[in-house]
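So this block is data-v6.cif, mmCIF, C-alpha atoms and all ligand atoms:
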```cif
data_entry
#
loop_
_atom_site.label_atom_id
_atom_site.label_comp_id
_atom_site.auth_asym_id
_atom_site.auth_seq_id
_atom_site.Cartn_x
_atom_site.Cartn_y
_atom_site.Cartn_z
CA MET A 1 11.90 -93.68 88.90
CA ILE A 2 10.22 -92.54 85.64
CA PRO A 3 7.74 -95.24 84.57
CA TYR A 4 8.07 -94.43 80.86
CA ARG A 5 10.76 -95.28 78.41
CA ILE A 6 12.50 -92.02 77.42
CA ASP A 7 15.58 -92.07 75.21
CA PHE A 8 17.54 -89.24 76.82
CA GLU A 9 20.51 -89.57 74.50
CA GLU A 10 18.21 -89.04 71.53
CA LEU A 11 16.49 -86.17 73.35
CA ARG A 12 19.82 -84.45 74.03
CA ARG A 13 20.68 -84.85 70.34
CA ARG A 14 17.38 -83.25 69.31
CA ILE A 15 17.91 -80.34 71.70
CA ARG A 16 21.44 -79.74 70.44
CA GLU A 17 20.22 -79.92 66.85
CA LYS A 18 17.76 -77.10 67.60
CA GLY A 19 20.69 -75.04 68.90
CA TYR A 20 19.23 -73.97 72.25
CA ARG A 21 21.12 -73.82 75.54
CA LYS A 22 18.03 -72.98 77.64
CA VAL A 23 15.43 -75.71 77.86
CA LEU A 24 11.94 -75.46 79.38
CA LEU A 25 10.38 -78.77 80.44
CA GLN A 26 6.60 -78.82 80.18
CA LEU A 27 4.99 -81.77 81.94
CA PRO A 28 1.39 -82.92 82.35
CA GLU A 29 0.23 -83.02 85.97
CA GLY A 30 0.81 -86.79 86.23
CA MET A 31 4.46 -86.42 85.20
CA LYS A 32 5.43 -83.39 87.33
CA LEU A 33 6.60 -85.81 89.99
CA TYR A 34 9.40 -86.86 87.64
CA GLY A 35 10.36 -83.30 86.65
CA THR A 36 13.54 -83.16 88.71
CA GLU A 37 14.63 -86.62 87.55
CA ILE A 38 14.13 -85.60 83.92
CA ALA A 39 16.06 -82.37 84.59
CA ASP A 40 18.94 -84.45 86.03
CA HIS A 41 19.23 -86.21 82.66
CA LEU A 42 19.44 -82.82 80.93
CA ASP A 43 21.94 -81.09 83.21
CA ASP A 44 24.28 -80.28 80.34
CA PHE A 45 21.69 -77.61 79.38
CA GLU A 46 20.28 -74.70 81.37
CA THR A 47 17.08 -76.53 82.24
CA TYR A 48 13.92 -74.99 83.67
CA ILE A 49 10.85 -76.94 84.84
CA SER A 50 7.64 -75.12 83.96
CA THR A 51 5.34 -74.67 86.95
CA GLU A 52 2.36 -73.87 84.74
CA HIS A 53 -0.51 -76.30 84.17
CA CYS A 54 -0.22 -78.36 81.02
CA PHE A 55 -3.47 -79.89 79.81
CA GLY A 56 -2.47 -81.24 76.41
CA ALA A 57 -0.66 -80.62 73.15
CA CYS A 58 -3.10 -77.72 72.72
CA ASP A 59 -1.44 -75.96 75.63
CA ILE A 60 2.15 -74.90 75.01
CA VAL A 61 4.27 -72.49 77.02
CA VAL A 62 6.66 -70.68 74.70
CA HIS A 63 9.54 -68.29 75.46
CA GLU A 64 11.69 -66.91 72.69
CA ASP A 65 15.03 -67.72 74.33
CA LYS A 66 14.15 -71.30 75.35
CA LEU A 67 13.37 -74.60 73.68
CA THR A 68 10.12 -75.99 75.09
CA VAL A 69 10.17 -79.76 75.49
CA GLN A 70 6.66 -81.05 76.05
CA PHE A 71 6.38 -84.51 77.57
CA GLY A 72 3.54 -87.00 77.51
CA HIS A 73 1.50 -85.71 74.57
CA SER A 74 1.60 -86.14 70.82
CA GLU A 75 1.53 -83.05 68.65
CA ILE A 76 -1.81 -82.14 67.11
CA PRO A 77 -1.12 -82.36 63.36
CA ASN A 78 -3.16 -79.36 62.23
CA ILE A 79 -1.57 -76.92 64.69
CA LYS A 80 1.33 -74.84 63.46
CA TYR A 81 3.65 -74.94 66.46
CA PRO A 82 6.50 -72.44 66.91
CA GLU A 83 9.96 -73.68 65.87
CA ASN A 84 11.18 -73.81 69.46
CA VAL A 85 8.85 -76.60 70.60
CA ILE A 86 9.50 -80.34 70.53
CA PHE A 87 7.43 -83.25 71.83
CA VAL A 88 8.51 -86.34 73.72
CA GLU A 89 5.73 -88.91 73.45
CA SER A 90 5.30 -91.56 76.11
CA PHE A 91 3.25 -94.68 75.59
CA SER A 92 2.11 -97.11 78.23
CA GLU A 93 3.55 -100.63 78.10
CA GLN A 94 0.60 -102.05 80.02
CA SER A 95 -0.94 -105.08 78.31
CA PHE A 96 -4.68 -105.26 77.60
CA LYS A 97 -4.73 -109.06 77.13
CA GLU A 98 -6.55 -109.91 80.34
CA VAL A 99 -9.14 -107.15 80.17
CA ALA A 100 -9.78 -107.71 76.44
CA GLU A 101 -10.46 -111.43 76.99
CA LYS A 102 -12.71 -110.64 79.94
CA PHE A 103 -14.59 -108.15 77.73
CA LEU A 104 -15.23 -110.81 75.08
CA LYS A 105 -16.71 -113.15 77.69
CA MET A 106 -19.18 -110.56 78.95
CA GLN A 107 -19.98 -108.65 75.75
CA LYS A 108 -21.43 -110.29 72.69
CA CYS A 109 -21.28 -107.52 70.08
CA GLU A 110 -19.92 -108.91 66.83
CA ARG A 111 -18.35 -105.80 65.32
CA ILE A 112 -16.27 -103.85 67.80
CA GLY A 113 -14.79 -100.40 67.21
CA ILE A 114 -11.51 -99.85 69.09
CA VAL A 115 -10.51 -96.40 70.30
CA ALA A 116 -7.83 -95.29 72.76
CA SER A 117 -6.35 -92.33 74.54
CA VAL A 118 -2.90 -91.44 73.24
CA GLN A 119 -1.07 -93.21 76.10
CA HIS A 120 -2.57 -96.55 75.02
CA VAL A 121 -2.79 -96.05 71.28
CA LYS A 122 0.09 -98.45 70.61
CA LYS A 123 -1.91 -101.26 72.23
CA ILE A 124 -4.75 -101.07 69.70
CA GLU A 125 -3.12 -103.74 67.53
CA GLU A 126 -2.76 -106.13 70.47
CA VAL A 127 -6.48 -105.80 71.24
CA ARG A 128 -7.49 -106.03 67.59
CA GLU A 129 -5.65 -109.37 67.29
CA ILE A 130 -7.31 -110.73 70.45
CA PHE A 131 -10.77 -109.76 69.22
CA GLU A 132 -10.14 -111.30 65.78
CA GLU A 133 -8.68 -114.51 67.21
CA HIS A 134 -12.02 -114.91 69.02
CA GLY A 135 -13.96 -114.50 65.79
CA ARG A 136 -15.09 -110.91 66.28
CA GLU A 137 -14.73 -108.19 63.72
CA ALA A 138 -12.49 -105.38 65.00
CA LEU A 139 -12.43 -101.94 63.38
CA VAL A 140 -10.14 -98.98 63.95
CA GLY A 141 -11.18 -95.61 62.54
CA LYS A 142 -9.19 -92.77 61.08
CA GLY A 143 -9.42 -89.41 62.80
CA ASP A 144 -9.48 -85.99 61.18
CA SER A 145 -6.56 -83.56 60.95
CA ARG A 146 -6.53 -82.93 64.72
CA VAL A 147 -5.60 -86.54 65.46
CA LYS A 148 -2.20 -88.16 64.92
CA TYR A 149 -2.91 -91.90 65.30
CA ASP A 150 -5.62 -94.19 63.95
CA GLY A 151 -8.11 -94.97 66.70
CA GLN A 152 -6.92 -92.09 68.88
CA VAL A 153 -9.54 -89.99 70.61
CA LEU A 154 -8.97 -86.71 72.43
CA GLY A 155 -11.27 -85.19 75.02
CA CYS A 156 -12.23 -82.71 72.30
CA ASN A 157 -12.20 -84.91 69.21
CA PHE A 158 -13.92 -88.24 68.54
CA SER A 159 -13.59 -88.25 64.75
CA ALA A 160 -11.81 -91.64 64.77
CA ALA A 161 -14.88 -93.18 66.44
CA ARG A 162 -17.36 -91.33 64.27
CA SER A 163 -15.64 -92.55 61.08
CA ILE A 164 -16.62 -96.17 61.83
CA ALA A 165 -19.77 -95.68 63.91
CA GLU A 166 -22.07 -96.99 61.19
CA ASP A 167 -20.08 -100.21 60.85
CA VAL A 168 -19.80 -101.32 64.49
CA ASP A 169 -22.15 -102.61 67.18
CA CYS A 170 -20.22 -101.18 70.12
CA PHE A 171 -16.97 -99.45 71.08
CA ALA A 172 -14.14 -100.56 73.35
CA PHE A 173 -12.18 -97.62 74.75
CA LEU A 174 -8.66 -98.50 75.86
CA GLY A 175 -7.68 -96.33 78.78
CA THR A 176 -8.70 -95.08 82.17
CA GLY A 177 -11.37 -92.59 83.27
CA VAL A 178 -14.77 -92.21 81.71
CA PHE A 179 -14.64 -88.85 79.94
CA HIS A 180 -13.40 -90.04 76.53
CA ALA A 181 -15.76 -93.02 76.54
CA ILE A 182 -18.75 -90.81 77.37
CA GLY A 183 -17.79 -88.59 74.43
CA VAL A 184 -17.63 -91.62 72.11
CA ARG A 185 -21.02 -92.81 73.40
CA ILE A 186 -22.72 -89.46 72.80
CA VAL A 187 -21.10 -88.74 69.44
CA THR A 188 -21.70 -92.20 67.94
CA ASP A 189 -24.86 -93.28 69.76
CA LYS A 190 -23.27 -96.72 70.24
CA LYS A 191 -22.77 -98.63 73.49
CA THR A 192 -19.26 -97.85 74.77
CA TYR A 193 -17.14 -99.67 77.33
CA VAL A 194 -13.98 -98.60 79.14
CA LEU A 195 -11.34 -101.37 79.22
CA ASP A 196 -9.00 -100.40 82.06
CA PRO A 197 -5.72 -102.36 81.79
CA TYR A 198 -4.58 -101.56 85.35
CA SER A 199 -7.65 -102.72 87.29
CA ASN A 200 -8.86 -105.09 84.52
CA GLU A 201 -12.31 -103.62 85.09
CA ILE A 202 -14.82 -103.03 82.30
CA LEU A 203 -17.26 -100.18 82.57
CA ASP A 204 -20.36 -99.53 80.49
CA VAL A 205 -20.69 -95.70 80.43
CA GLU A 206 -24.39 -95.65 79.57
CA GLU A 207 -25.44 -94.29 82.94
CA GLN A 208 -22.73 -91.60 83.02
CA ALA A 209 -23.62 -90.50 79.47
CA ASP A 210 -27.33 -90.22 80.43
CA ARG A 211 -26.42 -88.22 83.51
CA LEU A 212 -24.27 -85.85 81.47
CA MET A 213 -27.05 -85.33 78.91
CA ARG A 214 -29.53 -84.53 81.71
CA GLN A 215 -27.05 -82.08 83.18
CA ARG A 216 -26.57 -80.38 79.80
CA PHE A 217 -30.30 -80.08 79.29
CA GLY A 218 -30.50 -78.54 82.77
CA ALA A 219 -27.79 -76.02 81.85
CA ILE A 220 -29.80 -74.84 78.84
CA VAL A 221 -32.93 -74.53 80.97
CA ARG A 222 -31.02 -72.53 83.61
CA ALA A 223 -29.86 -70.11 80.93
CA GLU A 224 -33.40 -69.65 79.58
CA HIS A 225 -33.80 -66.07 80.75
CA ALA A 226 -30.23 -64.97 80.07
CA GLU A 227 -29.83 -61.67 78.23
CA ARG A 228 -26.11 -61.05 78.72
CA PHE A 229 -23.61 -63.71 77.68
CA GLY A 230 -19.87 -63.97 78.35
CA ILE A 231 -18.21 -65.87 75.51
CA ILE A 232 -14.98 -67.43 76.70
CA VAL A 233 -12.15 -67.50 74.15
CA SER A 234 -8.83 -69.18 74.90
CA GLU A 235 -5.51 -67.78 73.78
CA LYS A 236 -3.91 -71.26 73.97
CA ILE A 237 -2.53 -72.32 70.61
CA GLY A 238 -4.70 -75.43 70.31
CA GLN A 239 -7.91 -74.15 71.85
CA ARG A 240 -8.33 -70.77 70.19
CA ARG A 241 -11.69 -70.66 68.39
CA GLU A 242 -12.01 -66.95 67.77
CA LYS A 243 -14.05 -67.23 64.58
CA LEU A 244 -16.56 -69.48 66.29
CA ALA A 245 -16.74 -67.05 69.23
CA LEU A 246 -17.44 -64.15 66.86
CA ALA A 247 -20.13 -66.15 65.04
CA LEU A 248 -21.77 -66.95 68.40
CA LYS A 249 -21.57 -63.28 69.42
CA SER A 250 -23.45 -62.25 66.32
CA MET A 251 -26.09 -64.93 66.90
CA VAL A 252 -26.62 -63.58 70.41
CA GLU A 253 -26.87 -60.02 69.10
CA SER A 254 -29.24 -61.01 66.29
CA SER A 255 -31.47 -62.49 68.97
CA GLY A 256 -31.58 -59.09 70.68
CA PHE A 257 -29.18 -59.85 73.56
CA LYS A 258 -25.68 -58.70 74.59
CA ALA A 259 -22.47 -60.71 74.29
CA TYR A 260 -18.96 -60.01 75.58
CA LEU A 261 -15.77 -61.77 74.51
CA LEU A 262 -13.72 -62.94 77.51
CA TYR A 263 -10.16 -63.68 76.39
CA GLY A 264 -7.42 -65.37 78.39
CA ASN A 265 -5.08 -68.28 78.96
CA GLU A 266 -6.63 -70.11 81.90
CA VAL A 267 -10.35 -70.43 82.50
CA ASN A 268 -10.74 -70.38 86.25
CA PRO A 269 -14.48 -70.73 87.06
CA GLU A 270 -14.07 -69.28 90.57
CA GLU A 271 -12.67 -66.08 89.10
CA MET A 272 -15.42 -65.38 86.57
CA TYR A 273 -17.04 -62.37 88.23
CA TYR A 274 -18.46 -60.76 85.10
CA GLU A 275 -21.87 -59.16 84.94
CA VAL A 276 -23.39 -61.67 82.60
CA ASP A 277 -26.21 -64.18 83.05
CA ALA A 278 -24.50 -67.14 81.39
CA TYR A 279 -21.16 -68.15 79.89
CA VAL A 280 -20.46 -69.87 76.59
CA ASN A 281 -17.18 -71.73 76.48
CA THR A 282 -15.22 -71.99 73.22
CA ALA A 283 -11.98 -73.06 75.00
CA CYS A 284 -11.31 -76.69 75.99
CA PRO A 285 -14.70 -78.50 76.07
CA ARG A 286 -13.68 -80.28 79.27
CA VAL A 287 -13.99 -76.95 81.10
CA THR A 288 -17.72 -76.96 80.32
CA TYR A 289 -18.33 -80.63 81.09
CA ASP A 290 -15.96 -81.23 84.00
CA ASP A 291 -15.97 -77.83 85.73
CA TYR A 292 -19.64 -77.05 85.26
CA LEU A 293 -20.44 -77.09 88.98
CA ARG A 294 -17.60 -74.70 89.78
CA PHE A 295 -19.22 -71.88 87.80
CA SER A 296 -21.71 -69.70 89.69
CA LYS A 297 -23.72 -69.19 86.47
CA PRO A 298 -24.72 -71.60 83.72
CA VAL A 299 -21.98 -72.39 81.24
CA LEU A 300 -22.92 -73.64 77.78
CA THR A 301 -21.11 -75.22 74.87
CA PRO A 302 -21.40 -73.52 71.45
CA ILE A 303 -24.12 -75.91 70.27
CA GLU A 304 -26.05 -75.51 73.52
CA LEU A 305 -26.13 -71.73 72.95
CA GLN A 306 -27.51 -72.37 69.47
CA ILE A 307 -30.21 -74.61 70.94
CA LEU A 308 -31.05 -71.95 73.52
CA LEU A 309 -31.35 -69.28 70.81
CA LYS A 310 -33.39 -71.69 68.64
CA TYR A 311 -30.82 -71.91 65.85
CA LYS A 312 -30.78 -75.67 66.49
CA LEU A 313 -32.99 -78.29 68.07
CA TRP A 314 -32.23 -80.41 71.13
CA GLU A 315 -32.38 -83.41 68.74
CA ASP A 316 -29.30 -81.92 66.99
CA TYR A 317 -27.31 -82.12 70.23
CA SER A 318 -23.75 -83.31 69.94
CA PHE A 319 -20.69 -83.27 72.16
CA ASP A 320 -18.53 -80.17 71.75
CA GLU A 321 -15.51 -81.07 69.61
CA ILE A 322 -12.60 -79.09 68.21
CA VAL A 323 -11.46 -79.73 64.66
CA GLY A 324 -9.49 -76.68 63.60
CA VAL A 325 -8.32 -73.64 65.54
CA ASP A 326 -7.77 -70.03 64.42
S1 LIG B 401 -8.60 -78.85 74.11
FE1 LIG B 401 -8.92 -79.96 76.04
S2 LIG B 401 -9.56 -82.00 75.45
FE2 LIG B 401 -8.64 -81.05 73.63
S3 LIG B 401 -6.47 -81.68 73.66
FE3 LIG B 401 -6.64 -79.73 74.74
S4 LIG B 401 -6.85 -80.27 76.92
FE4 LIG B 401 -7.35 -82.12 75.69
#
```

As structure tokens:
Amino acid sequence: MIPYRIDFEELRRRIREKGYRKVLLQLPEGMKLYGTEIADHLDDFETYISTEHCFGACDIVVHEDKLTVQFGHSEIPNIKYPENVIFVESFSEQSFKEVAEKFLKMQKCERIGIVASVQHVKKIEEVREIFEEHGREALVGKGDSRVKYDGQVLGCNFSAARSIAEDVDCFAFLGTGVFHAIGVRIVTDKKTYVLDPYSNEILDVEEQADRLMRQRFGAIVRAEHAERFGIIVSEKIGQRREKLALALKSMVESSGFKAYLLYGNEVNPEEMYYEVDAYVNTACPRVTYDDYLRFSKPVLTPIELQILLKYKLWEDYSFDEIVGVD
């Protein structure tokens, strides 16, 4: 049974309003299990379940004759999506009461910034009230044009955290997994804790953030003697940073080296057989950070390439983030 509240009557109305008979369901990996059940609710249409990966609202499968219905993500406001795409958001109902109270007992910071992944963004108010009832100051930042909700962070955008970094002593990230919290930690330079509402565990990501920074430094060192660079450019609607890729290519060339633009939909590290010494990834930043060990050659973020080529200093290091796309 689908563990999210989805108003299928409303969804059918939206599909009919768009005037499509063929519907393509696009589901994140964690929801694929419910694909057939969702299709059962939409059997008055010719419904297809996409078998492609779906990593986020940056990643849309579009076919002219079908209406794409993307589940589980919120649209990215500054992306101009095709007309035949609609989103069905799904928010977790899981309460943070227990884990938030536990956090206050163990953590003494007075001014707490609250951030959340999109699934838990509707619980920010609940946590804010708990913090304030206990006499703490709770702040929620506003993201840039890539972010829909206040306090929301994406794996490629921490602007909501950055906007309040100066005014808080630490951050509480509402969600699961450590990736977003590590990003907040690195971008803001403030202690950051994961508040997991399912296990009620609290995790300080200091150690993970240190490890990641050491790994990134190691990647730059490994690429020290590189002379040929493969610059990865994604064709996905919300990951395409062509202008940045071209700017990086000219930096490489001005430094007397060769650069090649590698363009495609999926970045599969095991299939990167190109005759280059290092890759630079302008597609989803998670490919660089999460899949680093799957590449046979060093893979750098855009800023890491600039550090390598001495356009920037290691002290300028920041997490790779996407604001706008081309
Ligand atoms: S680019 Fe990567 S991190 Fe950003 S929304 Fe897409 S999948 Fe998530």

Item to check | Shell of 6 Å around ligand LIG 401 (chain B) (all atoms listed in the file), written as a ChimeraX atom specification | outcome: /A:55-58,154-156,239,284-286

Checklist entry - If you count all atoms listed in the file, which residues fall within 12 Å of A:Glu266, apart from same-chain ones fewer than 6 positions away, as number ranges by chain? => result A: 52-55, 59, 232-236, 239-240, 272, 281, 283-284, 287

Would you mind exporting the chosen residues as a compact mmCIF listing (two decimals), keeping the file's coordinate frame, restricted to C-alpha atoms?
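That gives us again.txt:
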```
# COMPACT_ATOMS: atom_id res chain seq x y z
CA GLU A 52 2.36 -73.87 84.74
CA HIS A 53 -0.51 -76.30 84.17
CA CYS A 54 -0.22 -78.36 81.02
CA PHE A 55 -3.47 -79.89 79.81
CA ASP A 59 -1.44 -75.96 75.63
CA ILE A 232 -14.98 -67.43 76.70
CA VAL A 233 -12.15 -67.50 74.15
CA SER A 234 -8.83 -69.18 74.90
CA GLU A 235 -5.51 -67.78 73.78
CA LYS A 236 -3.91 -71.26 73.97
CA GLN A 239 -7.91 -74.15 71.85
CA ARG A 240 -8.33 -70.77 70.19
CA MET A 272 -15.42 -65.38 86.57
CA ASN A 281 -17.18 -71.73 76.48
CA ALA A 283 -11.98 -73.06 75.00
CA CYS A 284 -11.31 -76.69 75.99
CA VAL A 287 -13.99 -76.95 81.10
```

Next on the checklist: Restricting the calculation to only C-alpha atoms: of A:Ile164, A:Leu27, A:Ala181, A:Met106, which residue gets closest to A:Ala39?
Outcome noted: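 Closest residue, counting only C-alpha atoms: A:Leu27.
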
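Shell of A:Leu300 at 7 Å, with all atoms listed in the file counted and residues fewer than 3 places along the chain excluded, is A:Ala219, A:Tyr279, A:Val280, A:Asn281, A:Thr288, A:Glu304, A:Leu305.
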
Next on the checklist: Counting only C-alpha atoms, find residues at most 8 Å from (11.2, -88.6, 76.8) (file frame) and give them as a list in words.
Outcome noted: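 Taken together, the residues in range are Tyr4, Arg5, Ile6, Asp7, Phe8, Leu11, Phe71, Gly72, Val88, Glu89 and Ser90 of chain A.
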
Checklist entry - Could you work out how far atom CA of A:Val168 lies from atom CA of A:Arg111, giving the answer in Å with one decimal? => result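 These two atoms are separated by 4.8 Å.
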
Checklist entry - So how many Å separate atom CA of A:Glu93 and atom CA of A:Gly135, to one decimal? => result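 Pair atom CA of A:Glu93 / atom CA of A:Gly135 returns 25.5 Å.
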
Next on the checklist: Quick one: residues within 12 Å of stretch 47-51 of chain A, all atoms listed in the file, excluding same-chain residues fewer than 4 positions away - as a PyMOL selection string?
Outcome noted: chain A and resi 12+15+20-29+31-43+60-63+65-71

Item to check | Residue nearest A:Gln306 - candidates A:Val184, A:Ile231, A:Val153, A:Leu248, atoms counted: all atoms listed in the file | outcome: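 When distances to A:Gln306 are compared using all atoms listed in the file, the smallest one comes from A:Leu248.
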
Checklist entry - Expressed in Å to a single decimal, how great is the separation between atom CA of A:Ser74 and atom CA of A:Cys170? => result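 Answer for the atom CA of A:Ser74 to atom CA of A:Cys170 separation: 26.5 Å.
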
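Between A:Met251 and the candidates A:Phe91, A:Phe319, A:Tyr81, A:Tyr311, the tightest atom-to-atom separation, counting all atoms listed in the file, involves A:Tyr311.
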
Item to check | Sphere at (-20.7, -61.8, 87.4), radius 12 Å, counting only C-alpha atoms: residues as a list in words | outcome: Arg228, Phe229, Gly230, Pro269, Glu270, Glu271, Met272, Tyr273, Tyr274, Glu275, Val276, Asp277, Ala278, Tyr279, Phe295, Ser296, Lys297 and Pro298 of chain A

Next on the checklist: Excluding A:Lys191 and its own-chain neighbours fewer than 4 positions away, which residues fall within 7 Å of it when counting all atoms listed in the file? Please give them as a ChimeraX atom specification.
Outcome noted: /A:170-171,185,206

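Nearest residue to A:His73, choosing from A:Lys148, A:Arg136, A:Gly141, A:Arg128 and counting only C-alpha atoms: A:Lys148.
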
My structure is short of atoms at stretch 133-157 of chain A; please model N, CA and C atoms there, returning them as a PDB file, in the frame of the given file.
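part_0.pdb, written as the output of this step:
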```pdb
ATOM      1  N   GLU A 133      -8.934-113.090  66.897  1.00  0.00           N
ATOM      2  CA  GLU A 133      -8.680-114.510  67.210  1.00  0.00           C
ATOM      3  C   GLU A 133      -9.935-115.173  67.787  1.00  0.00           C
ATOM      4  N   HIS A 134     -10.780-114.372  68.427  1.00  0.00           N
ATOM      5  CA  HIS A 134     -12.020-114.910  69.020  1.00  0.00           C
ATOM      6  C   HIS A 134     -13.205-114.762  68.060  1.00  0.00           C
ATOM      7  N   GLY A 135     -12.906-114.500  66.805  1.00  0.00           N
ATOM      8  CA  GLY A 135     -13.960-114.500  65.790  1.00  0.00           C
ATOM      9  C   GLY A 135     -14.795-113.226  65.714  1.00  0.00           C
ATOM     10  N   ARG A 136     -14.340-112.170  66.390  1.00  0.00           N
ATOM     11  CA  ARG A 136     -15.090-110.910  66.280  1.00  0.00           C
ATOM     12  C   ARG A 136     -14.450-110.039  65.202  1.00  0.00           C
ATOM     13  N   GLU A 137     -15.278-109.145  64.678  1.00  0.00           N
ATOM     14  CA  GLU A 137     -14.730-108.190  63.720  1.00  0.00           C
ATOM     15  C   GLU A 137     -14.254-106.972  64.504  1.00  0.00           C
ATOM     16  N   ALA A 138     -13.023-106.527  64.252  1.00  0.00           N
ATOM     17  CA  ALA A 138     -12.490-105.380  65.000  1.00  0.00           C
ATOM     18  C   ALA A 138     -12.155-104.261  64.022  1.00  0.00           C
ATOM     19  N   LEU A 139     -12.671-103.064  64.300  1.00  0.00           N
ATOM     20  CA  LEU A 139     -12.430-101.940  63.380  1.00  0.00           C
ATOM     21  C   LEU A 139     -11.740-100.793  64.113  1.00  0.00           C
ATOM     22  N   VAL A 140     -10.841-100.137  63.384  1.00  0.00           N
ATOM     23  CA  VAL A 140     -10.140 -98.980  63.950  1.00  0.00           C
ATOM     24  C   VAL A 140     -10.319 -97.822  62.961  1.00  0.00           C
ATOM     25  N   GLY A 141     -10.863 -96.722  63.449  1.00  0.00           N
ATOM     26  CA  GLY A 141     -11.180 -95.610  62.540  1.00  0.00           C
ATOM     27  C   GLY A 141     -10.028 -94.635  62.366  1.00  0.00           C
ATOM     28  N   LYS A 142     -10.189 -93.804  61.366  1.00  0.00           N
ATOM     29  CA  LYS A 142      -9.190 -92.770  61.080  1.00  0.00           C
ATOM     30  C   LYS A 142      -9.751 -91.429  61.556  1.00  0.00           C
ATOM     31  N   GLY A 143      -8.958 -90.701  62.309  1.00  0.00           N
ATOM     32  CA  GLY A 143      -9.420 -89.410  62.800  1.00  0.00           C
ATOM     33  C   GLY A 143      -9.222 -88.309  61.762  1.00  0.00           C
ATOM     34  N   ASP A 144      -9.682 -87.109  62.094  1.00  0.00           N
ATOM     35  CA  ASP A 144      -9.480 -85.990  61.180  1.00  0.00           C
ATOM     36  C   ASP A 144      -8.102 -85.363  61.410  1.00  0.00           C
ATOM     37  N   SER A 145      -7.900 -84.157  60.912  1.00  0.00           N
ATOM     38  CA  SER A 145      -6.560 -83.560  60.950  1.00  0.00           C
ATOM     39  C   SER A 145      -6.122 -83.120  62.339  1.00  0.00           C
ATOM     40  N   ARG A 146      -6.959 -83.292  63.353  1.00  0.00           N
ATOM     41  CA  ARG A 146      -6.530 -82.930  64.720  1.00  0.00           C
ATOM     42  C   ARG A 146      -5.949 -84.147  65.450  1.00  0.00           C
ATOM     43  N   VAL A 147      -5.967 -85.298  64.782  1.00  0.00           N
ATOM     44  CA  VAL A 147      -5.600 -86.540  65.460  1.00  0.00           C
ATOM     45  C   VAL A 147      -4.410 -87.198  64.759  1.00  0.00           C
ATOM     46  N   LYS A 148      -3.416 -87.616  65.530  1.00  0.00           N
ATOM     47  CA  LYS A 148      -2.200 -88.160  64.920  1.00  0.00           C
ATOM     48  C   LYS A 148      -2.316 -89.647  64.583  1.00  0.00           C
ATOM     49  N   TYR A 149      -2.919 -90.436  65.482  1.00  0.00           N
ATOM     50  CA  TYR A 149      -2.910 -91.900  65.300  1.00  0.00           C
ATOM     51  C   TYR A 149      -4.306 -92.451  64.998  1.00  0.00           C
ATOM     52  N   ASP A 150      -4.350 -93.509  64.205  1.00  0.00           N
ATOM     53  CA  ASP A 150      -5.620 -94.190  63.950  1.00  0.00           C
ATOM     54  C   ASP A 150      -6.189 -94.670  65.290  1.00  0.00           C
ATOM     55  N   GLY A 151      -7.460 -94.501  65.461  1.00  0.00           N
ATOM     56  CA  GLY A 151      -8.110 -94.970  66.700  1.00  0.00           C
ATOM     57  C   GLY A 151      -7.959 -94.027  67.875  1.00  0.00           C
ATOM     58  N   GLN A 152      -7.156 -93.007  67.742  1.00  0.00           N
ATOM     59  CA  GLN A 152      -6.920 -92.090  68.880  1.00  0.00           C
ATOM     60  C   GLN A 152      -8.112 -91.147  69.074  1.00  0.00           C
ATOM     61  N   VAL A 153      -8.536 -91.010  70.315  1.00  0.00           N
ATOM     62  CA  VAL A 153      -9.540 -89.990  70.610  1.00  0.00           C
ATOM     63  C   VAL A 153      -8.970 -89.006  71.636  1.00  0.00           C
ATOM     64  N   LEU A 154      -9.348 -87.749  71.471  1.00  0.00           N
ATOM     65  CA  LEU A 154      -8.970 -86.710  72.430  1.00  0.00           C
ATOM     66  C   LEU A 154     -10.241 -86.347  73.199  1.00  0.00           C
ATOM     67  N   GLY A 155     -10.086 -85.642  74.291  1.00  0.00           N
ATOM     68  CA  GLY A 155     -11.270 -85.190  75.020  1.00  0.00           C
ATOM     69  C   GLY A 155     -12.092 -84.196  74.209  1.00  0.00           C
ATOM     70  N   CYS A 156     -11.522 -83.692  73.131  1.00  0.00           N
ATOM     71  CA  CYS A 156     -12.230 -82.710  72.300  1.00  0.00           C
ATOM     72  C   CYS A 156     -12.348 -83.194  70.862  1.00  0.00           C
ATOM     73  N   ASN A 157     -12.103 -84.447  70.598  1.00  0.00           N
ATOM     74  CA  ASN A 157     -12.200 -84.910  69.210  1.00  0.00           C
ATOM     75  C   ASN A 157     -12.403 -86.426  69.154  1.00  0.00           C
TER      76      ASN A 157
END
```
